[in-house]
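Visitor: File follows, work.cif with mmCIF, N, CA and C atoms:
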data_target
loop_
_atom_site.group_PDB
_atom_site.id
_atom_site.type_symbol
_atom_site.label_atom_id
_atom_site.label_comp_id
_atom_site.auth_asym_id
_atom_site.auth_seq_id
_atom_site.Cartn_x
_atom_site.Cartn_y
_atom_site.Cartn_z
ATOM 1 N N MET V 264 -17.336 -41.364 45.310
ATOM 2 C CA MET V 264 -18.009 -40.889 44.133
ATOM 3 C C MET V 264 -17.037 -40.021 43.326
ATOM 4 N N LYS V 265 -17.134 -40.106 42.013
ATOM 5 C CA LYS V 265 -16.238 -39.363 41.134
ATOM 6 C C LYS V 265 -16.642 -37.891 41.081
ATOM 7 N N GLN V 266 -15.646 -36.996 41.162
ATOM 8 C CA GLN V 266 -15.914 -35.566 41.091
ATOM 9 C C GLN V 266 -15.435 -35.035 39.746
ATOM 10 N N PHE V 267 -16.209 -34.139 39.197
ATOM 11 C CA PHE V 267 -15.889 -33.550 37.913
ATOM 12 C C PHE V 267 -15.537 -32.090 38.090
ATOM 13 N N LYS V 268 -14.556 -31.650 37.328
ATOM 14 C CA LYS V 268 -14.124 -30.257 37.366
ATOM 15 C C LYS V 268 -15.077 -29.414 36.516
ATOM 16 N N VAL V 269 -15.439 -28.252 37.014
ATOM 17 C CA VAL V 269 -16.341 -27.351 36.287
ATOM 18 C C VAL V 269 -15.547 -26.670 35.183
ATOM 19 N N TYR V 270 -16.104 -26.712 33.986
ATOM 20 C CA TYR V 270 -15.453 -26.077 32.836
ATOM 21 C C TYR V 270 -15.887 -24.624 32.787
ATOM 22 N N LYS V 271 -14.973 -23.728 33.149
ATOM 23 C CA LYS V 271 -15.288 -22.303 33.229
ATOM 24 C C LYS V 271 -14.853 -21.516 31.998
ATOM 25 N N ASP V 272 -14.116 -22.126 31.109
ATOM 26 C CA ASP V 272 -13.588 -21.410 29.949
ATOM 27 C C ASP V 272 -14.477 -21.558 28.727
ATOM 28 N N ILE V 273 -15.778 -21.608 28.936
ATOM 29 C CA ILE V 273 -16.703 -21.857 27.836
ATOM 30 C C ILE V 273 -16.738 -20.695 26.844
ATOM 31 N N ARG V 274 -16.409 -19.497 27.300
ATOM 32 C CA ARG V 274 -16.464 -18.336 26.409
ATOM 33 C C ARG V 274 -15.152 -18.054 25.704
ATOM 34 N N LYS V 275 -14.144 -18.854 25.952
ATOM 35 C CA LYS V 275 -12.889 -18.679 25.233
ATOM 36 C C LYS V 275 -13.032 -19.217 23.812
ATOM 37 N N GLN V 276 -11.993 -19.062 23.030
ATOM 38 C CA GLN V 276 -12.028 -19.442 21.627
ATOM 39 C C GLN V 276 -12.140 -20.957 21.473
ATOM 40 N N ALA V 277 -13.003 -21.401 20.587
ATOM 41 C CA ALA V 277 -13.181 -22.823 20.329
ATOM 42 C C ALA V 277 -11.947 -23.368 19.619
ATOM 43 N N MET V 278 -11.503 -24.554 20.028
ATOM 44 C CA MET V 278 -10.304 -25.152 19.460
ATOM 45 C C MET V 278 -10.635 -26.568 18.974
ATOM 46 N N ILE V 279 -10.095 -26.929 17.821
ATOM 47 C CA ILE V 279 -10.197 -28.290 17.291
ATOM 48 C C ILE V 279 -8.787 -28.717 16.929
ATOM 49 N N LEU V 280 -8.330 -29.812 17.509
ATOM 50 C CA LEU V 280 -6.969 -30.321 17.303
ATOM 51 C C LEU V 280 -5.914 -29.270 17.659
ATOM 52 N N GLY V 281 -6.207 -28.429 18.628
ATOM 53 C CA GLY V 281 -5.266 -27.419 19.062
ATOM 54 C C GLY V 281 -5.196 -26.191 18.177
ATOM 55 N N LEU V 282 -6.122 -26.073 17.227
ATOM 56 C CA LEU V 282 -6.136 -24.937 16.305
ATOM 57 C C LEU V 282 -7.446 -24.169 16.438
ATOM 58 N N PRO V 283 -7.406 -22.842 16.266
ATOM 59 C CA PRO V 283 -8.665 -22.092 16.194
ATOM 60 C C PRO V 283 -9.459 -22.522 14.960
ATOM 61 N N LEU V 284 -10.731 -22.194 14.930
ATOM 62 C CA LEU V 284 -11.598 -22.673 13.853
ATOM 63 C C LEU V 284 -11.132 -22.236 12.470
ATOM 64 N N ALA V 285 -10.629 -21.019 12.329
ATOM 65 C CA ALA V 285 -10.187 -20.546 11.013
ATOM 66 C C ALA V 285 -8.985 -21.341 10.515
ATOM 67 N N LEU V 286 -8.024 -21.596 11.391
ATOM 68 C CA LEU V 286 -6.851 -22.370 10.973
ATOM 69 C C LEU V 286 -7.207 -23.834 10.744
ATOM 70 N N PHE V 287 -8.154 -24.359 11.524
ATOM 71 C CA PHE V 287 -8.607 -25.731 11.306
ATOM 72 C C PHE V 287 -9.313 -25.854 9.962
ATOM 73 N N ALA V 288 -10.098 -24.839 9.584
ATOM 74 C CA ALA V 288 -10.757 -24.852 8.283
ATOM 75 C C ALA V 288 -9.727 -24.814 7.154
ATOM 76 N N LEU V 289 -8.656 -24.042 7.341
ATOM 77 C CA LEU V 289 -7.577 -24.014 6.351
ATOM 78 C C LEU V 289 -6.920 -25.380 6.223
ATOM 79 N N LEU V 290 -6.686 -26.038 7.341
ATOM 80 C CA LEU V 290 -6.084 -27.372 7.327
ATOM 81 C C LEU V 290 -6.994 -28.381 6.639
ATOM 82 N N MET V 291 -8.290 -28.328 6.918
ATOM 83 C CA MET V 291 -9.221 -29.278 6.303
ATOM 84 C C MET V 291 -9.378 -29.030 4.810
ATOM 85 N N SER V 292 -9.327 -27.781 4.383
ATOM 86 C CA SER V 292 -9.381 -27.516 2.943
ATOM 87 C C SER V 292 -8.124 -28.044 2.254
ATOM 88 N N SER V 293 -6.998 -27.963 2.932
ATOM 89 C CA SER V 293 -5.769 -28.532 2.386
ATOM 90 C C SER V 293 -5.864 -30.056 2.297
ATOM 91 N N VAL V 294 -6.466 -30.668 3.295
ATOM 92 C CA VAL V 294 -6.634 -32.131 3.278
ATOM 93 C C VAL V 294 -7.557 -32.540 2.131
ATOM 94 N N LEU V 295 -8.648 -31.809 1.923
ATOM 95 C CA LEU V 295 -9.552 -32.142 0.823
ATOM 96 C C LEU V 295 -8.883 -31.960 -0.537
ATOM 97 N N LEU V 296 -8.110 -30.903 -0.672
ATOM 98 C CA LEU V 296 -7.381 -30.688 -1.920
ATOM 99 C C LEU V 296 -6.367 -31.802 -2.159
ATOM 100 N N SER V 297 -5.687 -32.219 -1.107
ATOM 101 C CA SER V 297 -4.702 -33.286 -1.262
ATOM 102 C C SER V 297 -5.370 -34.619 -1.576
ATOM 103 N N LEU V 298 -6.577 -34.849 -1.056
ATOM 104 C CA LEU V 298 -7.303 -36.070 -1.429
ATOM 105 C C LEU V 298 -7.656 -36.075 -2.913
ATOM 106 N N LEU V 299 -8.032 -34.923 -3.430
ATOM 107 C CA LEU V 299 -8.294 -34.835 -4.871
ATOM 108 C C LEU V 299 -7.033 -35.095 -5.685
ATOM 109 N N VAL V 300 -5.909 -34.590 -5.214
ATOM 110 C CA VAL V 300 -4.638 -34.829 -5.916
ATOM 111 C C VAL V 300 -4.302 -36.308 -5.907
ATOM 112 N N VAL V 301 -4.496 -36.980 -4.791
ATOM 113 C CA VAL V 301 -4.185 -38.408 -4.688
ATOM 114 C C VAL V 301 -5.119 -39.220 -5.579
ATOM 115 N N ILE V 302 -6.390 -38.853 -5.631
ATOM 116 C CA ILE V 302 -7.347 -39.616 -6.446
ATOM 117 C C ILE V 302 -7.021 -39.509 -7.935
ATOM 118 N N PHE V 303 -6.671 -38.310 -8.387
ATOM 119 C CA PHE V 303 -6.465 -38.131 -9.821
ATOM 120 C C PHE V 303 -5.041 -38.417 -10.295
ATOM 121 N N SER V 304 -4.089 -38.527 -9.399
ATOM 122 C CA SER V 304 -2.734 -38.888 -9.809
ATOM 123 C C SER V 304 -2.174 -39.874 -8.784
ATOM 124 N N PHE V 305 -2.639 -41.084 -8.843
ATOM 125 C CA PHE V 305 -2.317 -42.083 -7.827
ATOM 126 C C PHE V 305 -0.909 -42.635 -8.041
ATOM 127 N N SER V 306 -0.033 -42.401 -7.063
ATOM 128 C CA SER V 306 1.286 -43.011 -7.030
ATOM 129 C C SER V 306 1.789 -42.947 -5.595
ATOM 130 N N LEU V 307 2.759 -43.781 -5.278
ATOM 131 C CA LEU V 307 3.271 -43.809 -3.910
ATOM 132 C C LEU V 307 4.019 -42.526 -3.550
ATOM 133 N N ILE V 308 4.711 -41.963 -4.523
ATOM 134 C CA ILE V 308 5.434 -40.719 -4.272
ATOM 135 C C ILE V 308 4.447 -39.588 -3.974
ATOM 136 N N THR V 309 3.358 -39.537 -4.720
ATOM 137 C CA THR V 309 2.342 -38.506 -4.493
ATOM 138 C C THR V 309 1.724 -38.642 -3.110
ATOM 139 N N ILE V 310 1.435 -39.857 -2.695
ATOM 140 C CA ILE V 310 0.855 -40.082 -1.368
ATOM 141 C C ILE V 310 1.827 -39.622 -0.282
ATOM 142 N N GLY V 311 3.104 -39.954 -0.436
ATOM 143 C CA GLY V 311 4.108 -39.527 0.539
ATOM 144 C C GLY V 311 4.247 -38.023 0.613
ATOM 145 N N VAL V 312 4.266 -37.357 -0.539
ATOM 146 C CA VAL V 312 4.391 -35.898 -0.574
ATOM 147 C C VAL V 312 3.169 -35.243 0.058
ATOM 148 N N VAL V 313 1.991 -35.775 -0.218
ATOM 149 C CA VAL V 313 0.761 -35.205 0.322
ATOM 150 C C VAL V 313 0.714 -35.363 1.840
ATOM 151 N N VAL V 314 1.071 -36.526 2.345
ATOM 152 C CA VAL V 314 1.062 -36.757 3.793
ATOM 153 C C VAL V 314 2.068 -35.841 4.487
ATOM 154 N N LEU V 315 3.265 -35.734 3.929
ATOM 155 C CA LEU V 315 4.282 -34.870 4.525
ATOM 156 C C LEU V 315 3.893 -33.397 4.456
ATOM 157 N N SER V 316 3.268 -32.984 3.355
ATOM 158 C CA SER V 316 2.873 -31.581 3.246
ATOM 159 C C SER V 316 1.756 -31.253 4.233
ATOM 160 N N ASN V 317 0.795 -32.153 4.403
ATOM 161 C CA ASN V 317 -0.282 -31.905 5.372
ATOM 162 C C ASN V 317 0.248 -31.922 6.802
ATOM 163 N N LEU V 318 1.167 -32.795 7.097
ATOM 164 C CA LEU V 318 1.780 -32.830 8.427
ATOM 165 C C LEU V 318 2.590 -31.557 8.671
ATOM 166 N N GLY V 319 3.323 -31.123 7.669
ATOM 167 C CA GLY V 319 4.088 -29.876 7.796
ATOM 168 C C GLY V 319 3.185 -28.665 7.970
ATOM 169 N N LEU V 320 2.066 -28.631 7.254
ATOM 170 C CA LEU V 320 1.122 -27.535 7.410
ATOM 171 C C LEU V 320 0.537 -27.516 8.816
ATOM 172 N N TYR V 321 0.220 -28.687 9.356
ATOM 173 C CA TYR V 321 -0.315 -28.759 10.718
ATOM 174 C C TYR V 321 0.705 -28.242 11.738
ATOM 175 N N ILE V 322 1.953 -28.619 11.568
ATOM 176 C CA ILE V 322 3.002 -28.164 12.492
ATOM 177 C C ILE V 322 3.185 -26.652 12.390
ATOM 178 N N ILE V 323 3.186 -26.126 11.171
ATOM 179 C CA ILE V 323 3.334 -24.682 10.976
ATOM 180 C C ILE V 323 2.165 -23.928 11.596
ATOM 181 N N LEU V 324 0.947 -24.433 11.417
ATOM 182 C CA LEU V 324 -0.226 -23.748 11.965
ATOM 183 C C LEU V 324 -0.243 -23.782 13.488
ATOM 184 N N THR V 325 0.193 -24.889 14.087
ATOM 185 C CA THR V 325 0.235 -24.926 15.550
ATOM 186 C C THR V 325 1.298 -23.975 16.094
ATOM 187 N N HIS V 326 2.423 -23.848 15.394
ATOM 188 C CA HIS V 326 3.442 -22.893 15.821
ATOM 189 C C HIS V 326 2.964 -21.455 15.636
ATOM 190 N N LEU V 327 2.212 -21.191 14.567
ATOM 191 C CA LEU V 327 1.640 -19.863 14.376
ATOM 192 C C LEU V 327 0.661 -19.527 15.488
ATOM 193 N N LYS V 328 -0.123 -20.509 15.879
ATOM 194 C CA LYS V 328 -1.104 -20.288 16.935
ATOM 195 C C LYS V 328 -0.430 -20.005 18.259
ATOM 196 N N LYS V 329 0.673 -20.681 18.544
ATOM 197 C CA LYS V 329 1.390 -20.466 19.795
ATOM 198 C C LYS V 329 2.190 -19.165 19.778
ATOM 199 N N GLY V 330 2.398 -18.591 18.607
ATOM 200 C CA GLY V 330 3.119 -17.330 18.502
ATOM 201 C C GLY V 330 4.617 -17.513 18.377
ATOM 202 N N LYS V 331 5.069 -18.710 18.024
ATOM 203 C CA LYS V 331 6.508 -18.948 17.912
ATOM 204 C C LYS V 331 7.073 -18.488 16.580
ATOM 205 N N ILE V 332 6.240 -18.367 15.562
ATOM 206 C CA ILE V 332 6.713 -17.956 14.244
ATOM 207 C C ILE V 332 6.129 -16.589 13.927
ATOM 208 N N GLY V 333 6.963 -15.580 13.933
ATOM 209 C CA GLY V 333 6.561 -14.245 13.504
ATOM 210 C C GLY V 333 5.417 -13.656 14.300
ATOM 211 N N HIS V 334 5.021 -12.479 13.884
ATOM 212 C CA HIS V 334 3.921 -11.787 14.519
ATOM 213 C C HIS V 334 2.905 -11.384 13.456
ATOM 214 N N ALA V 335 2.642 -12.267 12.515
ATOM 215 C CA ALA V 335 1.757 -11.932 11.411
ATOM 216 C C ALA V 335 0.292 -11.891 11.836
ATOM 217 N N PHE V 336 -0.094 -12.702 12.811
ATOM 218 C CA PHE V 336 -1.498 -12.785 13.204
ATOM 219 C C PHE V 336 -1.696 -12.186 14.583
ATOM 220 N N LYS V 337 -1.410 -10.927 14.713
ATOM 221 C CA LYS V 337 -1.626 -10.244 15.989
ATOM 222 C C LYS V 337 -2.961 -9.524 15.948
ATOM 223 N N ARG V 338 -3.268 -8.847 17.033
ATOM 224 C CA ARG V 338 -4.546 -8.162 17.186
ATOM 225 C C ARG V 338 -4.688 -7.077 16.125
ATOM 226 N N VAL V 339 -5.813 -7.088 15.434
ATOM 227 C CA VAL V 339 -6.063 -6.107 14.387
ATOM 228 C C VAL V 339 -6.726 -4.872 14.981
ATOM 229 N N PHE V 340 -7.670 -5.066 15.872
ATOM 230 C CA PHE V 340 -8.410 -3.970 16.449
ATOM 231 C C PHE V 340 -7.738 -3.491 17.727
ATOM 232 N N PRO V 341 -7.932 -2.231 18.078
ATOM 233 C CA PRO V 341 -7.362 -1.729 19.336
ATOM 234 C C PRO V 341 -8.079 -2.346 20.533
ATOM 235 N N LYS V 342 -7.457 -2.216 21.712
ATOM 236 C CA LYS V 342 -8.077 -2.755 22.913
ATOM 237 C C LYS V 342 -9.378 -2.030 23.236
ATOM 238 N N GLU V 343 -9.384 -0.726 23.061
ATOM 239 C CA GLU V 343 -10.567 0.069 23.372
ATOM 240 C C GLU V 343 -11.016 0.814 22.126
ATOM 241 N N ILE V 344 -12.313 0.844 21.931
ATOM 242 C CA ILE V 344 -12.877 1.598 20.820
ATOM 243 C C ILE V 344 -13.651 2.756 21.421
ATOM 244 N N SER V 345 -13.309 3.962 21.006
ATOM 245 C CA SER V 345 -13.924 5.144 21.576
ATOM 246 C C SER V 345 -14.409 6.047 20.451
ATOM 247 N N SER V 346 -15.500 6.758 20.713
ATOM 248 C CA SER V 346 -15.997 7.718 19.737
ATOM 249 C C SER V 346 -15.496 9.123 20.039
ATOM 250 N N LYS V 347 -14.593 9.233 20.992
ATOM 251 C CA LYS V 347 -14.043 10.533 21.365
ATOM 252 C C LYS V 347 -13.184 11.064 20.220
ATOM 253 N N HIS V 348 -13.386 12.336 19.887
ATOM 254 C CA HIS V 348 -12.645 12.950 18.789
ATOM 255 C C HIS V 348 -11.184 13.145 19.194
ATOM 256 N N ILE V 349 -10.285 12.697 18.343
ATOM 257 C CA ILE V 349 -8.859 12.866 18.606
ATOM 258 C C ILE V 349 -8.427 14.186 17.984
ATOM 259 N N ASN V 350 -7.966 15.084 18.825
ATOM 260 C CA ASN V 350 -7.549 16.399 18.368
ATOM 261 C C ASN V 350 -6.034 16.406 18.184
ATOM 262 N N VAL V 351 -5.585 16.881 17.040
ATOM 263 C CA VAL V 351 -4.154 16.874 16.754
ATOM 264 C C VAL V 351 -3.446 18.148 17.183
ATOM 265 N N ILE V 352 -4.187 19.115 17.694
ATOM 266 C CA ILE V 352 -3.586 20.378 18.114
ATOM 267 C C ILE V 352 -2.925 20.187 19.472
ATOM 268 N N ALA V 353 -1.693 20.615 19.585
ATOM 269 C CA ALA V 353 -0.990 20.556 20.861
ATOM 270 C C ALA V 353 -1.275 21.850 21.620
ATOM 271 N N TYR V 354 -2.080 21.795 22.670
ATOM 272 C CA TYR V 354 -2.470 22.998 23.399
ATOM 273 C C TYR V 354 -1.302 23.633 24.141
ATOM 274 N N GLU V 355 -0.386 22.820 24.618
ATOM 275 C CA GLU V 355 0.739 23.367 25.357
ATOM 276 C C GLU V 355 1.602 24.236 24.444
ATOM 277 N N ARG V 356 1.817 23.783 23.236
ATOM 278 C CA ARG V 356 2.644 24.541 22.303
ATOM 279 C C ARG V 356 1.930 25.806 21.858
ATOM 280 N N ALA V 357 0.617 25.762 21.663
ATOM 281 C CA ALA V 357 -0.137 26.928 21.218
ATOM 282 C C ALA V 357 -0.147 28.008 22.298
ATOM 283 N N GLU V 358 -0.242 27.641 23.561
ATOM 284 C CA GLU V 358 -0.250 28.621 24.620
ATOM 285 C C GLU V 358 1.124 29.281 24.780
ATOM 286 N N SER V 359 2.198 28.530 24.610
ATOM 287 C CA SER V 359 3.529 29.084 24.774
ATOM 288 C C SER V 359 3.884 30.035 23.632
ATOM 289 N N ASP V 360 3.275 29.868 22.453
ATOM 290 C CA ASP V 360 3.534 30.766 21.341
ATOM 291 C C ASP V 360 2.923 32.141 21.560
ATOM 292 N N ASP V 361 1.797 32.202 22.308
ATOM 293 C CA ASP V 361 1.130 33.480 22.551
ATOM 294 C C ASP V 361 1.916 34.354 23.519
ATOM 295 N N VAL V 362 2.672 33.781 24.404
ATOM 296 C CA VAL V 362 3.361 34.545 25.444
ATOM 297 C C VAL V 362 4.605 35.171 24.950
#
Give the structure from the file, written as C-alpha cells.

Guide:
Amino acid sequence: MKQFKVYKDIRKQAMILGLPLALFALLMSSVLLSLLVVIFSFSLITIGVVVLSNLGLYIILTHLKKGKIGHAFKRVFPKEISSKHINVIAYERAESDDV
C-alpha cells in the first residue's frame, strides 16, 4: 500500500511558483501589463521584449526571495515586542558621579 508523508509545514508562508504571495502578485501584475502592451502594439520585437522582461523579473524575484541579491527585504519588526519602558539613564554612571 502507498504511504503518504504528513505535511507539517501548513503554517509556513504560502508559496506559488516558488514566490511568496506578494511577489507572485507583483509578477502577475507585470504579466497583465505586458499582455496589454502586446495587444495594443503587436509586433514580434515587442513580444520578444515582453517575454524576456517577464522572465528576467521572475529570475530577479526568485533571487530576492532566496536572499542572494541585497538585503532590501529583511525583517521590519523586531523579534520581540515588549511594552516595557526603555530607560535611557545609565544607573552605573549616575551612582559613580555621586561618590

Visitor: Tell me which of V:Ser297, V:Lys265, V:Lys328, V:Leu280 sits closest to Gly311 (chain V), counting only C-alpha atoms.

Guide: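 Under the stated criterion, the closest residue is V:Ser297.
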
Visitor: Just to confirm, what's the straight-line distance from atom C of Phe287 (chain V) to CA of Gly330 (chain V) in Å (one decimal)?

Guide: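 Going from atom C of Phe287 (chain V) over to CA of Gly330 (chain V), I get 17.3 Å.
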
Visitor: For a quick check of understanding, using only C-alpha atoms, which of V:Ala285, V:Val269, V:Ile344, V:Val313 has the smallest distance to Val300 (chain V)?

Guide: V:Val313

Visitor: Could you tell me how far CA of Leu296 (chain V) lies from CA of Gln276 (chain V), in Å and to one decimal?

Guide: 26.5 Å

Visitor: Quick check, in Å to one decimal: how far apart do CA of Ala288 (chain V) and atom C of Lys271 (chain V) lie?

Guide: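 Atom C of Lys271 (chain V) lies 24.3 Å from CA of Ala288 (chain V).
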
Visitor: From the structure block, carefully write region 301-312 of chain V out with all heavy atoms; format it as a PDB file, in the first residue's frame.

Guide:
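Below is the file part.pdb, written as the result:
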ATOM      1  N   VAL V 301       1.279  44.035 -25.510  1.00  0.00           N
ATOM      2  CA  VAL V 301       1.310  43.194 -26.709  1.00  0.00           C
ATOM      3  C   VAL V 301       0.037  43.387 -27.527  1.00  0.00           C
ATOM      4  O   VAL V 301       0.081  43.457 -28.764  1.00  0.00           O
ATOM      5  CB  VAL V 301       1.497  41.706 -26.332  1.00  0.00           C
ATOM      6  CG1 VAL V 301       1.227  40.796 -27.497  1.00  0.00           C
ATOM      7  CG2 VAL V 301       2.901  41.476 -25.803  1.00  0.00           C
ATOM      8  N   ILE V 302      -1.104  43.504 -26.867  1.00  0.00           N
ATOM      9  CA  ILE V 302      -2.370  43.660 -27.599  1.00  0.00           C
ATOM     10  C   ILE V 302      -2.413  44.985 -28.359  1.00  0.00           C
ATOM     11  O   ILE V 302      -2.830  45.022 -29.525  1.00  0.00           O
ATOM     12  CB  ILE V 302      -3.558  43.566 -26.619  1.00  0.00           C
ATOM     13  CG1 ILE V 302      -3.715  42.124 -26.147  1.00  0.00           C
ATOM     14  CG2 ILE V 302      -4.852  44.049 -27.253  1.00  0.00           C
ATOM     15  CD1 ILE V 302      -4.699  41.948 -25.021  1.00  0.00           C
ATOM     16  N   PHE V 303      -1.953  46.056 -27.723  1.00  0.00           N
ATOM     17  CA  PHE V 303      -2.083  47.363 -28.360  1.00  0.00           C
ATOM     18  C   PHE V 303      -0.912  47.743 -29.266  1.00  0.00           C
ATOM     19  O   PHE V 303      -1.014  48.698 -30.023  1.00  0.00           O
ATOM     20  CB  PHE V 303      -2.312  48.443 -27.304  1.00  0.00           C
ATOM     21  CG  PHE V 303      -3.660  48.345 -26.668  1.00  0.00           C
ATOM     22  CD1 PHE V 303      -3.791  48.012 -25.344  1.00  0.00           C
ATOM     23  CD2 PHE V 303      -4.802  48.560 -27.423  1.00  0.00           C
ATOM     24  CE1 PHE V 303      -5.041  47.908 -24.751  1.00  0.00           C
ATOM     25  CE2 PHE V 303      -6.055  48.461 -26.849  1.00  0.00           C
ATOM     26  CZ  PHE V 303      -6.174  48.128 -25.507  1.00  0.00           C
ATOM     27  N   SER V 304       0.191  47.037 -29.197  1.00  0.00           N
ATOM     28  CA  SER V 304       1.298  47.316 -30.110  1.00  0.00           C
ATOM     29  C   SER V 304       1.886  45.981 -30.565  1.00  0.00           C
ATOM     30  O   SER V 304       2.952  45.573 -30.131  1.00  0.00           O
ATOM     31  CB  SER V 304       2.360  48.172 -29.427  1.00  0.00           C
ATOM     32  OG  SER V 304       2.892  47.479 -28.338  1.00  0.00           O
ATOM     33  N   PHE V 305       1.186  45.314 -31.432  1.00  0.00           N
ATOM     34  CA  PHE V 305       1.544  43.955 -31.829  1.00  0.00           C
ATOM     35  C   PHE V 305       2.711  43.971 -32.814  1.00  0.00           C
ATOM     36  O   PHE V 305       2.609  44.493 -33.921  1.00  0.00           O
ATOM     37  CB  PHE V 305       0.339  43.258 -32.459  1.00  0.00           C
ATOM     38  CG  PHE V 305       0.592  41.819 -32.756  1.00  0.00           C
ATOM     39  CD1 PHE V 305       0.577  40.895 -31.738  1.00  0.00           C
ATOM     40  CD2 PHE V 305       0.862  41.399 -34.039  1.00  0.00           C
ATOM     41  CE1 PHE V 305       0.812  39.564 -31.994  1.00  0.00           C
ATOM     42  CE2 PHE V 305       1.104  40.077 -34.311  1.00  0.00           C
ATOM     43  CZ  PHE V 305       1.080  39.156 -33.291  1.00  0.00           C
ATOM     44  N   SER V 306       3.833  43.380 -32.403  1.00  0.00           N
ATOM     45  CA  SER V 306       4.966  43.150 -33.284  1.00  0.00           C
ATOM     46  C   SER V 306       5.817  42.049 -32.667  1.00  0.00           C
ATOM     47  O   SER V 306       5.740  41.778 -31.474  1.00  0.00           O
ATOM     48  CB  SER V 306       5.787  44.424 -33.489  1.00  0.00           C
ATOM     49  OG  SER V 306       6.462  44.749 -32.310  1.00  0.00           O
ATOM     50  N   LEU V 307       6.646  41.426 -33.480  1.00  0.00           N
ATOM     51  CA  LEU V 307       7.468  40.330 -32.974  1.00  0.00           C
ATOM     52  C   LEU V 307       8.526  40.815 -31.984  1.00  0.00           C
ATOM     53  O   LEU V 307       8.854  40.126 -31.020  1.00  0.00           O
ATOM     54  CB  LEU V 307       8.121  39.588 -34.136  1.00  0.00           C
ATOM     55  CG  LEU V 307       7.163  38.778 -35.017  1.00  0.00           C
ATOM     56  CD1 LEU V 307       7.908  38.163 -36.185  1.00  0.00           C
ATOM     57  CD2 LEU V 307       6.469  37.707 -34.200  1.00  0.00           C
ATOM     58  N   ILE V 308       9.051  42.002 -32.228  1.00  0.00           N
ATOM     59  CA  ILE V 308      10.050  42.554 -31.318  1.00  0.00           C
ATOM     60  C   ILE V 308       9.420  42.831 -29.951  1.00  0.00           C
ATOM     61  O   ILE V 308      10.023  42.536 -28.911  1.00  0.00           O
ATOM     62  CB  ILE V 308      10.672  43.835 -31.916  1.00  0.00           C
ATOM     63  CG1 ILE V 308      11.442  43.481 -33.191  1.00  0.00           C
ATOM     64  CG2 ILE V 308      11.570  44.534 -30.912  1.00  0.00           C
ATOM     65  CD1 ILE V 308      11.929  44.670 -33.961  1.00  0.00           C
ATOM     66  N   THR V 309       8.212  43.365 -29.949  1.00  0.00           N
ATOM     67  CA  THR V 309       7.516  43.643 -28.690  1.00  0.00           C
ATOM     68  C   THR V 309       7.251  42.360 -27.917  1.00  0.00           C
ATOM     69  O   THR V 309       7.441  42.314 -26.695  1.00  0.00           O
ATOM     70  CB  THR V 309       6.181  44.360 -28.969  1.00  0.00           C
ATOM     71  OG1 THR V 309       6.427  45.510 -29.749  1.00  0.00           O
ATOM     72  CG2 THR V 309       5.494  44.746 -27.680  1.00  0.00           C
ATOM     73  N   ILE V 310       6.836  41.317 -28.604  1.00  0.00           N
ATOM     74  CA  ILE V 310       6.576  40.035 -27.943  1.00  0.00           C
ATOM     75  C   ILE V 310       7.861  39.489 -27.324  1.00  0.00           C
ATOM     76  O   ILE V 310       7.872  39.019 -26.188  1.00  0.00           O
ATOM     77  CB  ILE V 310       5.968  39.020 -28.936  1.00  0.00           C
ATOM     78  CG1 ILE V 310       4.574  39.481 -29.354  1.00  0.00           C
ATOM     79  CG2 ILE V 310       5.898  37.638 -28.328  1.00  0.00           C
ATOM     80  CD1 ILE V 310       3.969  38.656 -30.462  1.00  0.00           C
ATOM     81  N   GLY V 311       8.965  39.563 -28.061  1.00  0.00           N
ATOM     82  CA  GLY V 311      10.246  39.094 -27.534  1.00  0.00           C
ATOM     83  C   GLY V 311      10.701  39.876 -26.323  1.00  0.00           C
ATOM     84  O   GLY V 311      11.157  39.300 -25.335  1.00  0.00           O
ATOM     85  N   VAL V 312      10.564  41.199 -26.368  1.00  0.00           N
ATOM     86  CA  VAL V 312      10.969  42.046 -25.243  1.00  0.00           C
ATOM     87  C   VAL V 312      10.104  41.759 -24.021  1.00  0.00           C
ATOM     88  O   VAL V 312      10.605  41.673 -22.885  1.00  0.00           O
ATOM     89  CB  VAL V 312      10.903  43.538 -25.649  1.00  0.00           C
ATOM     90  CG1 VAL V 312      11.015  44.441 -24.435  1.00  0.00           C
ATOM     91  CG2 VAL V 312      11.974  43.858 -26.661  1.00  0.00           C
TER      92      VAL V 312
END
